[in-house]
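Asker: Just one file: input.csv, with CSV, C-alpha atoms.
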chain,number,residue,atom,x,y,z
A,1,MET,CA,0.0,0.0,0.0
A,2,GLU,CA,1.1,3.5,-0.7
A,3,ASN,CA,1.5,6.2,2.0
A,4,GLU,CA,1.6,9.9,1.3
A,5,VAL,CA,4.6,11.7,2.6
A,6,GLU,CA,4.6,15.5,3.2
A,7,PHE,CA,7.8,17.4,3.6
A,8,TYR,CA,8.0,20.8,5.4
A,9,GLY,CA,10.2,23.8,5.6
A,10,MET,CA,13.9,23.4,5.0
A,11,ILE,CA,13.4,19.6,4.3
A,12,ALA,CA,11.0,20.3,1.4
A,13,GLU,CA,13.5,22.9,0.1
A,14,LYS,CA,16.4,20.5,0.4
A,15,ILE,CA,14.8,17.7,-1.6
A,16,GLY,CA,12.8,20.0,-3.9
A,17,VAL,CA,9.4,18.5,-3.3
A,18,SER,CA,6.7,18.9,-0.7
A,19,LYS,CA,4.7,15.7,-1.3
A,20,ALA,CA,5.5,12.2,-2.5
A,21,SER,CA,4.0,8.7,-2.4
A,22,ILE,CA,6.0,5.8,-1.1
A,23,LEU,CA,5.3,2.1,-1.4
A,24,LEU,CA,5.8,0.4,2.0
A,25,ASP,CA,7.2,-3.2,2.2
A,26,LEU,CA,4.3,-5.2,3.6
A,27,LYS,CA,6.6,-8.1,4.5
A,28,GLU,CA,8.1,-6.2,7.4
A,29,GLU,CA,6.2,-6.1,10.7
A,30,GLU,CA,7.6,-2.7,11.5
A,31,ILE,CA,9.5,-0.3,9.4
A,32,ASN,CA,11.9,2.3,10.7
A,33,LEU,CA,10.7,5.4,9.0
A,34,ARG,CA,13.9,7.4,9.5
A,35,ASP,CA,16.0,4.7,7.9
A,36,MET,CA,13.5,4.4,5.1
A,37,ILE,CA,13.3,8.2,4.4
A,38,MET,CA,17.1,8.5,4.5
A,39,ALA,CA,17.5,5.6,2.1
A,40,ILE,CA,15.1,7.3,-0.4
A,41,TYR,CA,16.5,10.8,0.2
A,42,PRO,CA,20.2,10.4,1.2
A,43,GLU,CA,20.6,14.2,1.2
A,44,LEU,CA,18.6,14.3,4.5
A,45,THR,CA,21.1,12.2,6.3
A,46,ALA,CA,22.9,15.2,7.8
A,47,MET,CA,19.7,17.0,8.6
A,48,THR,CA,17.7,17.1,11.8
A,49,PHE,CA,14.0,16.1,11.5
A,50,GLN,CA,11.1,14.5,13.3
A,51,ILE,CA,8.5,12.2,11.8
A,52,ALA,CA,4.8,12.3,12.3
A,53,VAL,CA,2.2,9.7,11.2
A,54,ASN,CA,-1.3,11.1,11.1
A,55,ASN,CA,-0.2,14.0,13.3
A,56,GLU,CA,1.6,11.9,15.9
A,57,LEU,CA,5.3,11.8,16.3
A,58,LYS,CA,6.7,8.3,15.5
A,59,GLU,CA,9.9,6.7,14.4
A,60,SER,CA,8.4,3.5,13.0
A,61,ILE,CA,5.4,2.4,11.2
A,62,SER,CA,3.5,-0.9,11.4
A,63,LYS,CA,0.8,-2.5,9.2
A,64,ASP,CA,-1.9,-0.6,11.1
A,65,ASP,CA,-0.4,2.6,9.8
A,66,PHE,CA,-0.5,1.8,6.1
A,67,GLY,CA,-2.4,4.5,4.2
A,68,LYS,CA,-1.7,7.1,6.9
A,69,THR,CA,0.1,10.4,6.0
A,70,ILE,CA,3.7,10.6,7.0
A,71,ALA,CA,5.1,14.1,7.7
A,72,ILE,CA,8.8,15.0,7.7
A,73,LEU,CA,9.3,17.9,10.1
A,74,PRO,CA,12.4,20.1,10.3
A,75,PRO,CA,13.2,21.8,13.7
A,76,PHE,CA,10.4,24.0,14.9
A,77,ALA,CA,10.6,27.7,14.9
A,78,GLY,CA,7.3,28.9,16.3
A,79,GLY,CA,7.0,32.1,18.3
B,1,MET,CA,-19.5,10.4,19.4
B,2,GLU,CA,-19.2,14.0,18.5
B,3,ALA,CA,-15.8,14.9,17.2
B,4,LYS,CA,-13.8,17.2,19.5
B,5,LYS,CA,-13.7,20.7,18.2
B,6,ILE,CA,-10.2,21.8,17.3
B,7,ASN,CA,-9.6,25.6,17.4
B,8,ASN,CA,-7.6,27.2,14.6
B,9,CYS,CA,-4.7,29.0,16.2
B,10,PHE,CA,-3.4,30.5,13.0
B,11,LYS,CA,-3.8,34.0,11.5
B,12,ASP,CA,-2.6,35.2,8.2
B,13,GLY,CA,0.3,37.7,8.5
B,14,ALA,CA,1.2,39.7,11.5
B,15,ILE,CA,-1.0,39.9,14.6
B,16,SER,CA,-2.1,43.5,14.9
B,17,ALA,CA,-2.1,45.7,18.0
B,18,ALA,CA,-5.8,46.3,17.3
B,19,PHE,CA,-6.6,42.6,17.4
B,20,ILE,CA,-4.7,42.3,20.7
B,21,GLY,CA,-6.6,45.3,22.1
B,22,ASP,CA,-9.9,43.9,21.0
B,23,SER,CA,-9.1,40.6,22.7
B,24,ILE,CA,-8.4,42.4,25.9
B,25,ALA,CA,-11.6,44.5,25.6
B,26,LYS,CA,-13.7,41.3,25.1
B,27,HIS,CA,-12.5,40.0,28.5
B,28,GLN,CA,-14.1,42.8,30.4
B,29,ALA,CA,-17.3,40.9,30.3
B,30,LYS,CA,-15.7,38.0,32.1
B,31,THR,CA,-15.7,39.4,35.6
B,32,THR,CA,-14.4,36.3,37.5
B,33,ILE,CA,-11.0,37.1,36.0
B,34,GLY,CA,-8.6,39.0,38.3
B,35,ALA,CA,-5.4,38.6,36.3
B,36,HIS,CA,-4.3,38.4,32.7
B,37,GLN,CA,-0.9,37.5,31.3
B,38,ILE,CA,0.0,38.2,27.7
B,39,PHE,CA,3.0,37.0,25.8
B,40,LEU,CA,3.8,38.6,22.5
B,41,GLY,CA,6.5,37.1,20.2
B,42,GLN,CA,8.0,39.8,17.9
B,43,VAL,CA,10.2,39.3,14.8
B,44,ARG,CA,13.7,40.4,15.6
B,45,LYS,CA,15.9,42.3,13.1
B,46,ASP,CA,18.8,40.0,13.7
B,47,MET,CA,22.1,40.3,11.7
B,48,ILE,CA,22.8,37.1,9.7
B,49,ASN,CA,25.6,36.9,7.1
B,50,GLN,CA,26.1,40.7,7.6
B,51,GLN,CA,22.5,41.3,6.6
B,52,GLU,CA,19.5,42.4,8.6
B,53,VAL,CA,16.5,40.1,8.9
B,54,GLN,CA,13.6,41.8,7.0
B,55,ALA,CA,10.9,39.4,7.9
B,56,ILE,CA,10.1,35.8,8.8
B,57,GLU,CA,7.8,33.8,6.5
B,58,TYR,CA,6.0,31.2,8.7
B,59,SER,CA,4.7,27.9,7.4
B,60,ALA,CA,3.3,25.0,9.4
B,61,HIS,CA,1.9,21.5,9.4
B,62,VAL,CA,-1.3,23.2,10.1
B,63,GLU,CA,-3.5,20.2,11.0
B,64,MET,CA,-0.9,18.8,13.5
B,65,ALA,CA,-0.1,22.3,14.8
B,66,ASN,CA,-3.7,22.9,15.7
B,67,ILE,CA,-4.0,19.5,17.4
B,68,VAL,CA,-0.9,20.1,19.4
B,69,CYS,CA,-2.0,23.7,20.4
B,70,ASN,CA,-5.3,22.2,21.6
B,71,GLU,CA,-3.4,19.6,23.6
B,72,ILE,CA,-1.3,22.3,25.2
B,73,ARG,CA,-4.5,24.2,26.0
B,74,GLU,CA,-6.1,21.1,27.6
B,75,ASN,CA,-3.0,20.4,29.6
B,76,ALA,CA,-2.8,24.0,30.8
B,77,PHE,CA,-6.4,23.9,31.9
B,78,LYS,CA,-5.7,20.7,33.9
B,79,GLU,CA,-2.5,22.0,35.4
B,80,PHE,CA,-3.5,25.6,36.3
B,81,ASP,CA,-6.7,27.2,37.5
B,82,LEU,CA,-7.5,29.3,34.5
B,83,VAL,CA,-10.6,31.1,33.3
B,84,CYS,CA,-9.6,31.2,29.7
B,85,MET,CA,-6.7,31.1,27.3
B,86,HIS,CA,-6.0,31.9,23.7
B,87,ILE,CA,-3.2,31.1,21.3
B,88,TYR,CA,-2.6,32.9,18.0
B,89,HIS,CA,0.3,32.3,15.7
B,90,SER,CA,1.0,33.9,12.4
B,91,LEU,CA,1.3,32.2,9.0
B,92,GLY,CA,3.0,33.8,6.0
B,93,ILE,CA,5.1,37.0,6.1
B,94,VAL,CA,5.7,38.9,9.4
B,95,LYS,CA,8.0,41.9,9.1
B,96,ALA,CA,10.7,42.7,11.6
B,97,GLY,CA,9.0,44.5,14.6
B,98,GLU,CA,5.6,42.9,14.0
B,99,ILE,CA,4.0,40.4,16.3
B,100,CYS,CA,3.9,36.7,15.3
B,101,LEU,CA,2.7,35.0,18.5
B,102,PHE,CA,0.0,36.1,20.9
B,103,VAL,CA,-0.7,34.1,24.0
B,104,PHE,CA,-3.4,35.4,26.4
B,105,VAL,CA,-4.1,33.7,29.7
B,106,SER,CA,-6.6,34.7,32.3
B,107,SER,CA,-7.2,33.5,35.8
B,108,LYS,CA,-8.6,34.6,39.1
B,109,HIS,CA,-5.2,35.4,40.6
B,110,ARG,CA,-1.9,36.5,39.1
B,111,LYS,CA,0.3,33.5,40.1
B,112,MET,CA,-1.7,31.0,38.2
B,113,ALA,CA,-1.6,33.2,35.1
B,114,GLN,CA,2.1,33.8,35.4
B,115,LYS,CA,2.9,30.1,35.8
B,116,ALA,CA,0.6,29.1,33.0
B,117,ILE,CA,1.9,31.5,30.4
B,118,GLU,CA,5.5,30.3,30.9
B,119,PHE,CA,4.4,26.7,30.5
B,120,ILE,CA,2.3,27.5,27.4
B,121,VAL,CA,4.9,29.5,25.6
B,122,GLU,CA,7.6,26.9,26.2
B,123,GLU,CA,5.3,24.1,25.0
B,124,ILE,CA,4.5,26.1,21.9
B,125,LYS,CA,8.1,26.6,21.0
B,126,ALA,CA,9.1,23.0,21.7
B,127,LYS,CA,6.1,21.1,20.2
B,128,VAL,CA,4.1,23.0,17.6
B,129,PRO,CA,5.3,22.2,14.1
B,130,VAL,CA,5.8,25.8,12.8
B,131,PHE,CA,8.7,26.6,10.5
B,132,GLY,CA,10.2,30.1,9.9
B,133,LYS,CA,12.2,31.3,7.0
B,134,GLU,CA,14.2,34.5,7.9
B,135,ILE,CA,14.3,36.7,4.8
B,136,LEU,CA,17.4,38.9,4.4
B,137,GLU,CA,18.0,42.2,2.6
B,138,ASP,CA,19.0,40.5,-0.7
B,139,GLU,CA,16.0,38.3,-0.5
B,140,SER,CA,18.1,35.2,0.4
B,141,HIS,CA,16.9,33.3,3.4
B,142,VAL,CA,18.0,31.3,6.4
B,143,TRP,CA,15.8,28.8,8.2
B,144,LYS,CA,15.1,29.7,11.9
B,145,VAL,CA,15.5,27.1,14.6
B,146,ASN,CA,14.2,27.6,18.1
B,147,GLN,CA,16.9,27.6,20.8
Before we go any further, please render this structure as structure tokens.

Answerer:
Amino acid sequence: MENEVEFYGMIAEKIGVSKASILLDLKEEEINLRDMIMAIYPELTAMTFQIAVNNELKESISKDDFGKTIAILPPFAGG
Amino acid sequence: MEAKKINNCFKDGAISAAFIGDSIAKHQAKTTIGAHQIFLGQVRKDMINQQEVQAIEYSAHVEMANIVCNEIRENAFKEFDLVCMHIYHSLGIVKAGEICLFVFVSSKHRKMAQKAIEFIVEEIKAKVPVFGKEILEDESHVWKVNQ
């Protein structure tokens, strides 16, 4: 199943896109999102980011999360 | 089950002094309040790469940011004895000297409001997914990161 991935701020600027779809490997029980994102976008390896799945911060994704929106969030700068 | 109402904490552009003044005026009807605390975040004209910051362009993961702001709000109400509280954050361009964050906390007595506002502002800075692009004189930019 495909998951939508949204990229924000300096992360979107770095990779040149703000949205993408990724195909997750259903064979795995749990997928480490950080490893997966850095494998697809190696230019993010040196960058600091957090990951949210349907608005909740998470580092891994399981079968229950397939179809949910993944957000790649650079450091916050509110206020 | 009725879906929980999520307030929108964002405003397009700078938060005006008139808006802040109106918010204060509206609270005159709430006569159980004895103390207000207001925090205003203002865009600083920092020097970066020998250039002055002209403005910050704010963007956000709006849906998540509103959920997080509502969680902060709920936690503040649990933790402190508050009458009401409001959070407004700018989206888009805010020029140096303009207001980008307005937090307004009201309680019966000053100490609760003082403690609450510190908690709320720190939580906003740490947890709300807002991103800021500092725009310099030559229109180049640097991404802001909260300390």

Asker: Quick one: which residues from chain B are at most 8 Å off chain A, using all atoms listed in the file, as a list in words?

Answerer: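 Matching residues, ligands excluded from the count: Gly41, Gln42, Ser59, Ala60, His61, Glu63, Met64, Ile67, His89, Cys100, Leu101, Ile124, Lys125, Ala126, Lys127, Val128, Pro129, Val130, Phe131, Gly132, Lys133, Trp143, Lys144, Val145 and Asn146 of chain B.
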
Asker: Skip Ile99 in chain B itself and residues of its chain fewer than 6 positions away, then list as a count of residues only all residues within 8 Å of it, counting only C-alpha atoms.

Answerer: 7

Asker: Find the spatial neighbours of Glu134 in chain B, counting all atoms listed in the file, within a cut-off of 8 Å - ignore same-chain residues fewer than 3 positions away - and output them as a list in words.

Answerer: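 Neighbouring residues, sequence-local ones excluded: Val53, Gln54, Ala55, Ile56, Glu57, His141, Val142, Trp143 and Lys144 of chain B.
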
Asker: Using only C-alpha atoms, which protein or nucleic acid residues come within 6 Å of range 82-88 of chain B? Drop anything in the same chain fewer than 6 positions from it, and give the result as a list of chain:residue names.

Answerer: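 Residues meeting the cut-off are B:Cys9, B:Phe10, B:Leu101, B:Phe102, B:Val103, B:Phe104, B:Val105, B:Ser106, B:Ser107.
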
Asker: Got a sec to check which residues sit within 12 Å of (16.2, 4.2, 10.0), counting only C-alpha atoms, and write them as number ranges by chain?

Answerer: A: 30-42, 44-45, 50-51, 58-61

Asker: Calculate how many Å separate CA of Arg110 in chain B from CA of Ala29 in chain B, rounding to one decimal.

Answerer: 18.3 Å

Asker: Using only C-alpha atoms, determine which residues lie at most 6 Å from Asn3 in chain A, disregarding the query and same-chain residues fewer than 5 positions distant; provide the list as a list in words.

Answerer: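 Surrounding residues, per the criterion: Ser21, Ile22, Gly67, Lys68 and Thr69 of chain A.
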
Asker: Separation of CA of Glu29 in chain A and CA of Ile11 in chain A, in Å?

Answerer: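 Computing it gives 27.4 Å between the two atoms.
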
Asker: Between A:Ile15, A:Glu4, A:Asp25, A:Ala20, which one has atoms that come closest to Lys63 in chain A, using all atoms listed in the file?

Answerer: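 Closest to Lys63 in chain A of all the choices is A:Asp25.
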
Asker: If I put a ball of radius 12 Å at (23.9, 39.7, 9.6) in the file's coordinates, which residues poke into it when counting all atoms listed in the file, written as a ChimeraX atom specification?

Answerer: /B:44-54,134-138,140-142

Asker: Report the distance between CA of Lys111 in chain B and CA of Lys30 in chain B in Å, rounded to one decimal place.

Answerer: 18.4 Å

Asker: Counting all atoms listed in the file, which residue out of B:Arg73, B:Lys115, B:Lys78, B:Lys11 sits closest to Gly92 in chain B?

Answerer: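 Ranking B:Arg73, B:Lys115, B:Lys78, B:Lys11 by distance to Gly92 in chain B, first place goes to B:Lys11.
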
Asker: Find the residue from B:Ala17, B:Ala65, B:Ala25, B:Ile6 that sits nearest to Gly97 in chain B; use all atoms listed in the file when measuring.

Answerer: B:Ala17
